[in-house]
$ cat run31.txt   # compact mmCIF, C-alpha atoms
# COMPACT_ATOMS: atom_id res chain seq x y z
CA MET A 1 197.05 49.15 -25.01
CA THR A 2 198.90 48.70 -28.27
CA ALA A 3 200.90 51.53 -29.81
CA PRO A 4 198.81 53.39 -32.36
CA ARG A 5 199.35 52.57 -35.99
CA ASN A 6 198.59 55.16 -38.62
CA LEU A 7 196.48 53.69 -41.40
CA LEU A 8 197.19 56.58 -43.79
CA ALA A 9 200.97 57.05 -43.34
CA SER A 10 203.79 55.13 -45.02
CA LEU A 11 201.33 53.42 -47.32
CA PRO A 12 202.59 50.32 -49.11
CA ASP A 13 202.97 50.54 -52.87
CA ALA A 14 199.77 49.07 -54.30
CA ARG A 15 200.34 49.92 -57.95
CA ALA A 16 200.90 46.28 -58.92
CA GLN A 17 197.99 44.89 -56.87
CA GLU A 18 195.48 45.88 -54.19
CA LEU A 19 196.85 45.30 -50.70
CA PHE A 20 194.68 43.81 -47.94
CA THR A 21 195.81 44.00 -44.30
CA THR A 22 193.85 42.47 -41.44
CA LEU A 23 194.08 44.88 -38.52
CA LEU A 24 192.04 42.89 -36.00
CA ALA A 25 190.24 39.55 -36.13
CA ARG A 26 187.76 38.24 -33.58
CA PRO A 27 184.96 35.68 -33.75
CA GLY A 28 182.33 37.28 -35.98
CA VAL A 29 184.27 40.44 -36.83
CA ARG A 30 187.37 41.27 -38.87
CA ILE A 31 188.69 44.79 -39.44
CA GLU A 32 190.73 45.24 -42.62
CA ARG A 33 192.55 48.02 -44.44
CA ILE A 34 192.56 47.94 -48.23
CA VAL A 35 194.89 50.09 -50.35
CA SER A 36 193.87 50.49 -53.99
CA GLN A 37 195.70 52.33 -56.76
CA GLY A 38 193.47 52.19 -59.79
CA GLN A 39 192.30 48.58 -59.41
CA VAL A 40 188.72 47.60 -60.24
CA THR A 41 186.69 44.41 -59.92
CA PRO A 42 186.45 42.51 -63.22
CA ALA A 43 183.03 43.06 -64.81
CA ASP A 44 182.47 39.31 -65.12
CA ALA A 45 183.50 38.52 -61.53
CA PRO A 46 181.54 40.71 -59.08
CA TYR A 47 181.88 40.20 -55.35
CA ASP A 48 179.02 38.07 -53.97
CA GLN A 49 179.69 37.52 -50.29
CA ASN A 50 178.06 35.31 -47.67
CA HIS A 51 178.52 37.97 -44.99
CA ASP A 52 177.70 41.63 -44.42
CA GLU A 53 180.52 44.13 -44.85
CA TRP A 54 180.61 47.67 -43.50
CA VAL A 55 182.89 49.94 -45.54
CA LEU A 56 184.34 53.39 -44.86
CA LEU A 57 186.43 55.30 -47.40
CA LEU A 58 189.39 56.83 -45.52
CA ALA A 59 191.31 58.49 -48.37
CA GLY A 60 191.27 58.84 -52.13
CA ALA A 61 188.10 58.28 -54.13
CA ALA A 62 186.20 55.33 -55.57
CA ARG A 63 183.09 54.18 -57.36
CA LEU A 64 181.05 51.12 -56.37
CA TRP A 65 178.41 49.39 -58.44
CA PHE A 66 175.61 47.41 -56.81
CA ASP A 67 173.29 44.96 -58.49
CA GLY A 68 169.85 46.58 -58.59
CA THR A 69 170.82 50.08 -57.50
CA GLY A 70 173.63 51.05 -59.84
CA GLU A 71 176.79 53.05 -59.32
CA GLN A 72 177.75 55.18 -56.35
CA ALA A 73 180.66 57.61 -55.97
CA LEU A 74 182.51 57.57 -52.65
CA VAL A 75 184.58 60.30 -51.04
CA PRO A 76 186.53 60.18 -47.77
CA GLY A 77 184.18 59.78 -44.82
CA ASP A 78 181.54 57.92 -46.83
CA ALA A 79 180.38 54.77 -45.05
CA LEU A 80 177.89 52.12 -46.12
CA LEU A 81 176.77 48.59 -45.40
CA ILE A 82 177.10 46.05 -48.17
CA PRO A 83 174.63 43.29 -47.24
CA ALA A 84 175.43 39.65 -47.87
CA ARG A 85 174.40 38.35 -51.29
CA VAL A 86 174.27 41.77 -52.95
CA ALA A 87 176.53 41.49 -55.98
CA HIS A 88 178.85 44.49 -56.24
CA ARG A 89 181.93 45.69 -58.03
CA VAL A 90 184.52 48.38 -57.50
CA THR A 91 184.31 50.22 -60.83
CA TRP A 92 186.97 52.89 -60.20
CA THR A 93 189.63 53.76 -57.62
CA GLN A 94 191.88 56.80 -57.52
CA ALA A 95 195.50 55.74 -58.08
CA ASP A 96 197.46 58.76 -56.89
CA PRO A 97 197.19 59.67 -54.09
CA PRO A 98 196.12 56.11 -53.23
CA THR A 99 192.66 55.08 -52.14
CA VAL A 100 192.39 53.65 -48.61
CA TRP A 101 189.36 51.72 -47.35
CA LEU A 102 188.40 50.43 -43.94
CA ALA A 103 186.29 47.27 -44.12
CA VAL A 104 184.58 45.61 -41.16
CA HIS A 105 183.52 42.08 -42.07
CA LEU A 106 180.57 40.86 -39.99
CA GLY A 107 179.80 37.21 -39.37
CA GLU A 108 182.35 36.08 -41.93
CA THR A 109 182.80 32.33 -42.10
CA MET B 1 172.94 48.27 -50.03
CA THR B 2 172.23 51.35 -47.95
CA ALA B 3 172.97 54.82 -49.27
CA PRO B 4 176.38 56.00 -48.09
CA ARG B 5 176.48 58.33 -45.14
CA ASN B 6 179.40 60.72 -44.76
CA LEU B 7 180.81 60.58 -41.24
CA LEU B 8 182.77 63.83 -41.65
CA ALA B 9 180.19 66.08 -43.34
CA SER B 10 177.41 68.11 -41.71
CA LEU B 11 178.79 67.33 -38.27
CA PRO B 12 176.45 67.95 -35.36
CA ASP B 13 177.38 70.74 -32.95
CA ALA B 14 179.21 69.03 -30.09
CA ARG B 15 180.35 72.13 -28.24
CA ALA B 16 177.95 71.53 -25.35
CA GLN B 17 178.63 67.79 -25.06
CA GLU B 18 180.30 64.91 -26.87
CA LEU B 19 177.96 63.23 -29.34
CA PHE B 20 177.83 59.45 -29.70
CA THR B 21 176.09 57.86 -32.71
CA THR B 22 175.74 54.11 -33.16
CA LEU B 23 176.25 53.40 -36.87
CA LEU B 24 175.79 49.63 -36.76
CA ALA B 25 175.05 47.14 -33.98
CA ARG B 26 175.32 43.37 -34.22
CA PRO B 27 175.82 40.62 -31.64
CA GLY B 28 179.35 41.14 -30.35
CA VAL B 29 180.17 44.27 -32.37
CA ARG B 30 179.00 47.88 -32.35
CA ILE B 31 180.38 50.60 -34.61
CA GLU B 32 180.08 54.13 -33.24
CA ARG B 33 181.01 57.66 -34.30
CA ILE B 34 182.04 60.10 -31.58
CA VAL B 35 182.26 63.86 -32.15
CA SER B 36 184.29 65.77 -29.56
CA GLN B 37 184.89 69.51 -29.34
CA GLY B 38 187.29 70.03 -26.47
CA GLN B 39 185.78 67.50 -24.06
CA VAL B 40 188.03 65.39 -21.83
CA THR B 41 187.44 62.52 -19.42
CA PRO B 42 187.36 63.70 -15.79
CA ALA B 43 190.65 62.84 -14.06
CA ASP B 44 188.82 61.07 -11.24
CA ALA B 45 186.56 59.02 -13.53
CA PRO B 46 188.64 57.17 -16.14
CA TYR B 47 187.02 54.71 -18.51
CA ASP B 48 187.39 51.12 -17.27
CA GLN B 49 185.51 48.89 -19.70
CA ASN B 50 184.58 45.22 -19.65
CA HIS B 51 185.14 44.91 -23.39
CA ASP B 52 187.86 45.62 -25.96
CA GLU B 53 187.47 48.75 -28.08
CA TRP B 54 189.24 49.47 -31.36
CA VAL B 55 189.55 53.18 -32.04
CA LEU B 56 190.46 55.14 -35.19
CA LEU B 57 190.84 58.91 -35.23
CA LEU B 58 189.12 60.19 -38.38
CA ALA B 59 189.56 63.97 -38.01
CA GLY B 60 190.88 66.56 -35.59
CA ALA B 61 193.39 65.63 -32.90
CA ALA B 62 193.35 64.11 -29.42
CA ARG B 63 195.40 62.84 -26.55
CA LEU B 64 194.70 59.61 -24.68
CA TRP B 65 196.17 58.55 -21.33
CA PHE B 66 196.50 54.88 -20.40
CA ASP B 67 197.15 53.46 -16.98
CA GLY B 68 200.69 52.09 -16.98
CA THR B 69 201.85 53.49 -20.31
CA GLY B 70 201.07 57.21 -20.07
CA GLU B 71 199.87 59.70 -22.64
CA GLN B 72 199.63 59.29 -26.40
CA ALA B 73 198.91 61.91 -29.07
CA LEU B 74 196.60 60.87 -31.90
CA VAL B 75 196.34 62.31 -35.41
CA PRO B 76 193.91 61.33 -38.18
CA GLY B 77 194.54 57.76 -39.33
CA ASP B 78 195.89 56.63 -35.96
CA ALA B 79 194.26 53.38 -34.83
CA LEU B 80 194.74 51.38 -31.65
CA LEU B 81 193.15 48.69 -29.54
CA ILE B 82 192.10 49.60 -26.01
CA PRO B 83 191.92 46.26 -24.19
CA ALA B 84 189.25 45.59 -21.60
CA ARG B 85 190.16 46.62 -18.06
CA VAL B 86 192.87 49.10 -19.07
CA ALA B 87 191.91 52.35 -17.39
CA HIS B 88 192.15 55.27 -19.81
CA ARG B 89 191.16 58.88 -20.22
CA VAL B 90 190.80 61.32 -23.08
CA THR B 91 193.05 64.15 -21.88
CA TRP B 92 192.58 66.57 -24.80
CA THR B 93 190.46 66.91 -27.93
CA GLN B 94 190.68 69.55 -30.63
CA ALA B 95 187.55 71.70 -30.57
CA ASP B 96 187.65 73.46 -33.94
CA PRO B 97 187.63 71.87 -36.41
CA PRO B 98 185.94 69.11 -34.40
CA THR B 99 187.51 65.78 -33.52
CA VAL B 100 185.82 62.70 -34.99
CA TRP B 101 186.47 59.15 -33.75
CA LEU B 102 185.39 55.78 -35.05
CA ALA B 103 185.01 53.21 -32.27
CA VAL B 104 184.40 49.51 -32.79
CA HIS B 105 183.22 47.91 -29.55
CA LEU B 106 184.01 44.20 -29.40
CA GLY B 107 182.14 41.73 -27.22
CA GLU B 108 180.30 44.49 -25.42
CA THR B 109 177.68 43.25 -22.96

$ encode --input "run31.txt" --output "structure tokens"
Amino acid sequence: MTAPRNLLASLPDARAQELFTTLLARPGVRIERIVSQGQVTPADAPYDQNHDEWVLLLAGAARLWFDGTGEQALVPGDALLIPARVAHRVTWTQADPPTVWLAVHLGET
Amino acid sequence: MTAPRNLLASLPDARAQELFTTLLARPGVRIERIVSQGQVTPADAPYDQNHDEWVLLLAGAARLWFDGTGEQALVPGDALLIPARVAHRVTWTQADPPTVWLAVHLGET
């Protein structure tokens, strides 16, 4: 086994830009940590992915907007599936303490 | 998108037995929540899996023993990969508040 790594301790400084760290990558699945400190997705450039993404908020707080269903507040422990081809935007992230996401990308190409 | 589900709220009562909930299943990947309240793996029946498992402790506290490397304490945020064929046991879990794990099973057959 590998030594455990704490995803919430010694967080990198993400004030200048969101930080994306791939924790594990296998065919068809990639596990990623994202640290956000106030960043949002530009209103004119929503995410529109070819693959499903399962997201879990680990720390902080955030708001996500989805085309067709509107905005959703997330607190730690909240998990949801973002299906492929559903346009979405991060509309708010807590800056301090930082917001930490776990993302599991499924069938990414 | 699906409505978010909070993995840490309204936890089921796991005092009588550990509770395993599959959150998402796809070819080659299965995401599971495990709620433990004091349960351990019997010393004479360690886990010995055919597939890799990535584990993240979400709440509570636990200890894991691995064949060859010994015991490891886990706190919330700790993540590690348990490779296939590495015998391991859960040697302690915090009962109250409950211990909550996220497990991502990779290439499970």

$ calpha_fit_and_write --input "run31.txt" --fixed "chain B" --moving "chain A" --output "PDB file with C-alpha atoms, keeping the file's coordinate frame"
ATOM      1  CA  MET A   1     172.922  48.291 -49.987  1.00  0.00           C
ATOM      2  CA  THR A   2     172.218  51.372 -47.923  1.00  0.00           C
ATOM      3  CA  ALA A   3     172.960  54.847 -49.249  1.00  0.00           C
ATOM      4  CA  PRO A   4     176.366  56.010 -48.076  1.00  0.00           C
ATOM      5  CA  ARG A   5     176.491  58.356 -45.139  1.00  0.00           C
ATOM      6  CA  ASN A   6     179.405  60.716 -44.762  1.00  0.00           C
ATOM      7  CA  LEU A   7     180.816  60.576 -41.250  1.00  0.00           C
ATOM      8  CA  LEU A   8     182.777  63.826 -41.653  1.00  0.00           C
ATOM      9  CA  ALA A   9     180.186  66.092 -43.345  1.00  0.00           C
ATOM     10  CA  SER A  10     177.411  68.113 -41.709  1.00  0.00           C
ATOM     11  CA  LEU A  11     178.792  67.338 -38.280  1.00  0.00           C
ATOM     12  CA  PRO A  12     176.450  67.947 -35.357  1.00  0.00           C
ATOM     13  CA  ASP A  13     177.377  70.729 -32.962  1.00  0.00           C
ATOM     14  CA  ALA A  14     179.200  69.029 -30.092  1.00  0.00           C
ATOM     15  CA  ARG A  15     180.350  72.130 -28.239  1.00  0.00           C
ATOM     16  CA  ALA A  16     177.950  71.535 -25.342  1.00  0.00           C
ATOM     17  CA  GLN A  17     178.624  67.785 -25.056  1.00  0.00           C
ATOM     18  CA  GLU A  18     180.310  64.903 -26.877  1.00  0.00           C
ATOM     19  CA  LEU A  19     177.959  63.233 -29.342  1.00  0.00           C
ATOM     20  CA  PHE A  20     177.830  59.438 -29.700  1.00  0.00           C
ATOM     21  CA  THR A  21     176.092  57.854 -32.705  1.00  0.00           C
ATOM     22  CA  THR A  22     175.756  54.107 -33.166  1.00  0.00           C
ATOM     23  CA  LEU A  23     176.261  53.391 -36.856  1.00  0.00           C
ATOM     24  CA  LEU A  24     175.794  49.617 -36.756  1.00  0.00           C
ATOM     25  CA  ALA A  25     175.062  47.135 -33.978  1.00  0.00           C
ATOM     26  CA  ARG A  26     175.331  43.361 -34.217  1.00  0.00           C
ATOM     27  CA  PRO A  27     175.826  40.619 -31.637  1.00  0.00           C
ATOM     28  CA  GLY A  28     179.373  41.125 -30.367  1.00  0.00           C
ATOM     29  CA  VAL A  29     180.168  44.255 -32.377  1.00  0.00           C
ATOM     30  CA  ARG A  30     179.004  47.875 -32.359  1.00  0.00           C
ATOM     31  CA  ILE A  31     180.396  50.592 -34.625  1.00  0.00           C
ATOM     32  CA  GLU A  32     180.091  54.130 -33.258  1.00  0.00           C
ATOM     33  CA  ARG A  33     181.012  57.653 -34.304  1.00  0.00           C
ATOM     34  CA  ILE A  34     182.030  60.093 -31.587  1.00  0.00           C
ATOM     35  CA  VAL A  35     182.273  63.856 -32.156  1.00  0.00           C
ATOM     36  CA  SER A  36     184.298  65.765 -29.566  1.00  0.00           C
ATOM     37  CA  GLN A  37     184.896  69.506 -29.334  1.00  0.00           C
ATOM     38  CA  GLY A  38     187.295  70.029 -26.480  1.00  0.00           C
ATOM     39  CA  GLN A  39     185.791  67.490 -24.063  1.00  0.00           C
ATOM     40  CA  VAL A  40     188.026  65.375 -21.828  1.00  0.00           C
ATOM     41  CA  THR A  41     187.428  62.521 -19.400  1.00  0.00           C
ATOM     42  CA  PRO A  42     187.356  63.699 -15.771  1.00  0.00           C
ATOM     43  CA  ALA A  43     190.643  62.841 -14.043  1.00  0.00           C
ATOM     44  CA  ASP A  44     188.803  61.071 -11.223  1.00  0.00           C
ATOM     45  CA  ALA A  45     186.542  59.032 -13.525  1.00  0.00           C
ATOM     46  CA  PRO A  46     188.640  57.163 -16.122  1.00  0.00           C
ATOM     47  CA  TYR A  47     187.016  54.724 -18.511  1.00  0.00           C
ATOM     48  CA  ASP A  48     187.382  51.121 -17.285  1.00  0.00           C
ATOM     49  CA  GLN A  49     185.507  48.904 -19.706  1.00  0.00           C
ATOM     50  CA  ASN A  50     184.575  45.225 -19.648  1.00  0.00           C
ATOM     51  CA  HIS A  51     185.137  44.917 -23.398  1.00  0.00           C
ATOM     52  CA  ASP A  52     187.852  45.619 -25.952  1.00  0.00           C
ATOM     53  CA  GLU A  53     187.476  48.738 -28.077  1.00  0.00           C
ATOM     54  CA  TRP A  54     189.232  49.447 -31.359  1.00  0.00           C
ATOM     55  CA  VAL A  55     189.563  53.179 -32.048  1.00  0.00           C
ATOM     56  CA  LEU A  56     190.462  55.133 -35.185  1.00  0.00           C
ATOM     57  CA  LEU A  57     190.848  58.917 -35.234  1.00  0.00           C
ATOM     58  CA  LEU A  58     189.110  60.199 -38.391  1.00  0.00           C
ATOM     59  CA  ALA A  59     189.553  63.971 -38.011  1.00  0.00           C
ATOM     60  CA  GLY A  60     190.867  66.546 -35.582  1.00  0.00           C
ATOM     61  CA  ALA A  61     193.397  65.631 -32.912  1.00  0.00           C
ATOM     62  CA  ALA A  62     193.353  64.108 -29.439  1.00  0.00           C
ATOM     63  CA  ARG A  63     195.412  62.838 -26.550  1.00  0.00           C
ATOM     64  CA  LEU A  64     194.712  59.597 -24.675  1.00  0.00           C
ATOM     65  CA  TRP A  65     196.147  58.551 -21.344  1.00  0.00           C
ATOM     66  CA  PHE A  66     196.492  54.888 -20.408  1.00  0.00           C
ATOM     67  CA  ASP A  67     197.134  53.476 -16.973  1.00  0.00           C
ATOM     68  CA  GLY A  68     200.679  52.098 -16.985  1.00  0.00           C
ATOM     69  CA  THR A  69     201.843  53.507 -20.308  1.00  0.00           C
ATOM     70  CA  GLY A  70     201.063  57.202 -20.088  1.00  0.00           C
ATOM     71  CA  GLU A  71     199.857  59.699 -22.652  1.00  0.00           C
ATOM     72  CA  GLN A  72     199.641  59.284 -26.401  1.00  0.00           C
ATOM     73  CA  ALA A  73     198.926  61.902 -29.076  1.00  0.00           C
ATOM     74  CA  LEU A  74     196.610  60.875 -31.910  1.00  0.00           C
ATOM     75  CA  VAL A  75     196.344  62.298 -35.407  1.00  0.00           C
ATOM     76  CA  PRO A  76     193.920  61.332 -38.182  1.00  0.00           C
ATOM     77  CA  GLY A  77     194.547  57.773 -39.332  1.00  0.00           C
ATOM     78  CA  ASP A  78     195.884  56.631 -35.959  1.00  0.00           C
ATOM     79  CA  ALA A  79     194.262  53.386 -34.830  1.00  0.00           C
ATOM     80  CA  LEU A  80     194.730  51.384 -31.646  1.00  0.00           C
ATOM     81  CA  LEU A  81     193.144  48.689 -29.535  1.00  0.00           C
ATOM     82  CA  ILE A  82     192.107  49.600 -26.024  1.00  0.00           C
ATOM     83  CA  PRO A  83     191.925  46.260 -24.181  1.00  0.00           C
ATOM     84  CA  ALA A  84     189.253  45.594 -21.592  1.00  0.00           C
ATOM     85  CA  ARG A  85     190.164  46.617 -18.046  1.00  0.00           C
ATOM     86  CA  VAL A  86     192.861  49.098 -19.070  1.00  0.00           C
ATOM     87  CA  ALA A  87     191.898  52.359 -17.395  1.00  0.00           C
ATOM     88  CA  HIS A  88     192.149  55.272 -19.823  1.00  0.00           C
ATOM     89  CA  ARG A  89     191.159  58.877 -20.217  1.00  0.00           C
ATOM     90  CA  VAL A  90     190.796  61.310 -23.076  1.00  0.00           C
ATOM     91  CA  THR A  91     193.040  64.145 -21.872  1.00  0.00           C
ATOM     92  CA  TRP A  92     192.586  66.548 -24.808  1.00  0.00           C
ATOM     93  CA  THR A  93     190.456  66.901 -27.943  1.00  0.00           C
ATOM     94  CA  GLN A  94     190.681  69.554 -30.632  1.00  0.00           C
ATOM     95  CA  ALA A  95     187.541  71.717 -30.571  1.00  0.00           C
ATOM     96  CA  ASP A  96     187.655  73.470 -33.931  1.00  0.00           C
ATOM     97  CA  PRO A  97     187.624  71.872 -36.418  1.00  0.00           C
ATOM     98  CA  PRO A  98     185.943  69.104 -34.400  1.00  0.00           C
ATOM     99  CA  THR A  99     187.515  65.792 -33.517  1.00  0.00           C
ATOM    100  CA  VAL A 100     185.819  62.705 -34.993  1.00  0.00           C
ATOM    101  CA  TRP A 101     186.468  59.161 -33.765  1.00  0.00           C
ATOM    102  CA  LEU A 102     185.397  55.783 -35.052  1.00  0.00           C
ATOM    103  CA  ALA A 103     185.018  53.218 -32.269  1.00  0.00           C
ATOM    104  CA  VAL A 104     184.391  49.506 -32.787  1.00  0.00           C
ATOM    105  CA  HIS A 105     183.223  47.910 -29.546  1.00  0.00           C
ATOM    106  CA  LEU A 106     184.023  44.189 -29.380  1.00  0.00           C
ATOM    107  CA  GLY A 107     182.135  41.725 -27.219  1.00  0.00           C
ATOM    108  CA  GLU A 108     180.299  44.493 -25.403  1.00  0.00           C
ATOM    109  CA  THR A 109     177.683  43.262 -22.967  1.00  0.00           C
TER     110      THR A 109
END

$ interface_residues --input "run31.txt" --of "chain B" --to "chain A" --cutoff "7 Å" --atoms "all atoms listed in the file" --output "JSON, numbers by chain"
{"B": [1, 2, 3, 4, 5, 6, 7, 8, 77, 78, 79, 80, 81, 82, 83]}

$ atom_distance --input "run31.txt" --atom1 "CA of Val90 in chain A" --atom2 "CA of Arg33 in chain A"
15.3 Å

$ closest_residue --input "run31.txt" --among "B:Thr91, B:Thr21, B:Leu11, B:Thr109" --to "Ala62 in chain B" --atoms "only C-alpha atoms"
B:Thr91

$ closest_residue --input "run31.txt" --among "B:Glu108, B:Leu64, B:Val100, B:Arg89" --to "Ile34 in chain B" --atoms "all atoms listed in the file"
B:Val100

$ atom_distance --input "run31.txt" --atom1 "CA of Gly38 in chain A" --atom2 "CA of Trp65 in chain A"
15.4 Å

$ atom_distance --input "run31.txt" --atom1 "CA of Ala14 in chain A" --atom2 "CA of Trp92 in chain A"
14.6 Å

$ closest_residue --input "run31.txt" --among "B:Pro98, B:Ala103, B:Tyr47, B:Arg30" --to "Ser10 in chain B" --atoms "only C-alpha atoms"
B:Pro98

$ closest_residue --input "run31.txt" --among "A:Asp13, A:Glu18, A:Asp96, A:Glu71" --to "Ser36 in chain A" --atoms "only C-alpha atoms"
A:Glu18

$ closest_residue --input "run31.txt" --among "B:Pro97, B:Leu19, B:His105, B:Arg85" --to "Gln49 in chain B" --atoms "only C-alpha atoms"
B:Arg85

$ closest_residue --input "run31.txt" --among "A:Thr93, A:Thr99, A:Gln17, A:Thr22" --to "Val40 in chain A" --atoms "all atoms listed in the file"
A:Thr93

$ decode --input "run31.txt" --residues "range 46-57 of chain A" --atoms "N, CA, C and O atoms" --output "compact mmCIF listing (two decimals), in the first residue's frame"
# COMPACT_ATOMS: atom_id res chain seq x y z
N PRO A 46 -19.19 28.20 -19.79
CA PRO A 46 -19.53 27.09 -18.90
C PRO A 46 -18.77 25.81 -19.29
O PRO A 46 -18.33 25.66 -20.42
N TYR A 47 -18.63 24.93 -18.30
CA TYR A 47 -18.11 23.60 -18.60
C TYR A 47 -19.15 22.85 -19.43
O TYR A 47 -20.36 22.95 -19.18
N ASP A 48 -18.68 22.08 -20.42
CA ASP A 48 -19.58 21.26 -21.24
C ASP A 48 -18.76 20.04 -21.64
O ASP A 48 -18.09 20.03 -22.67
N GLN A 49 -18.79 19.02 -20.79
CA GLN A 49 -17.85 17.91 -20.88
C GLN A 49 -18.42 16.73 -21.67
O GLN A 49 -19.61 16.49 -21.69
N ASN A 50 -17.49 15.98 -22.26
CA ASN A 50 -17.87 14.76 -22.99
C ASN A 50 -18.04 13.55 -22.07
O ASN A 50 -18.43 12.49 -22.53
N HIS A 51 -17.70 13.72 -20.80
CA HIS A 51 -17.73 12.56 -19.88
C HIS A 51 -18.49 12.92 -18.61
O HIS A 51 -18.63 14.09 -18.25
N ASP A 52 -18.98 11.88 -17.93
CA ASP A 52 -19.63 12.07 -16.63
C ASP A 52 -18.57 12.38 -15.57
O ASP A 52 -17.44 11.89 -15.63
N GLU A 53 -18.98 13.17 -14.59
CA GLU A 53 -18.08 13.53 -13.49
C GLU A 53 -18.86 13.44 -12.18
O GLU A 53 -19.91 14.05 -12.04
N TRP A 54 -18.33 12.67 -11.25
CA TRP A 54 -18.92 12.56 -9.92
C TRP A 54 -18.14 13.48 -8.99
O TRP A 54 -16.90 13.43 -8.96
N VAL A 55 -18.84 14.33 -8.26
CA VAL A 55 -18.19 15.36 -7.45
C VAL A 55 -18.62 15.23 -5.99
O VAL A 55 -19.79 14.98 -5.71
N LEU A 56 -17.67 15.43 -5.09
CA LEU A 56 -17.94 15.43 -3.65
C LEU A 56 -17.25 16.64 -3.05
O LEU A 56 -16.04 16.83 -3.25
N LEU A 57 -18.02 17.48 -2.34
CA LEU A 57 -17.38 18.62 -1.67
C LEU A 57 -16.80 18.15 -0.34
O LEU A 57 -17.51 17.60 0.51
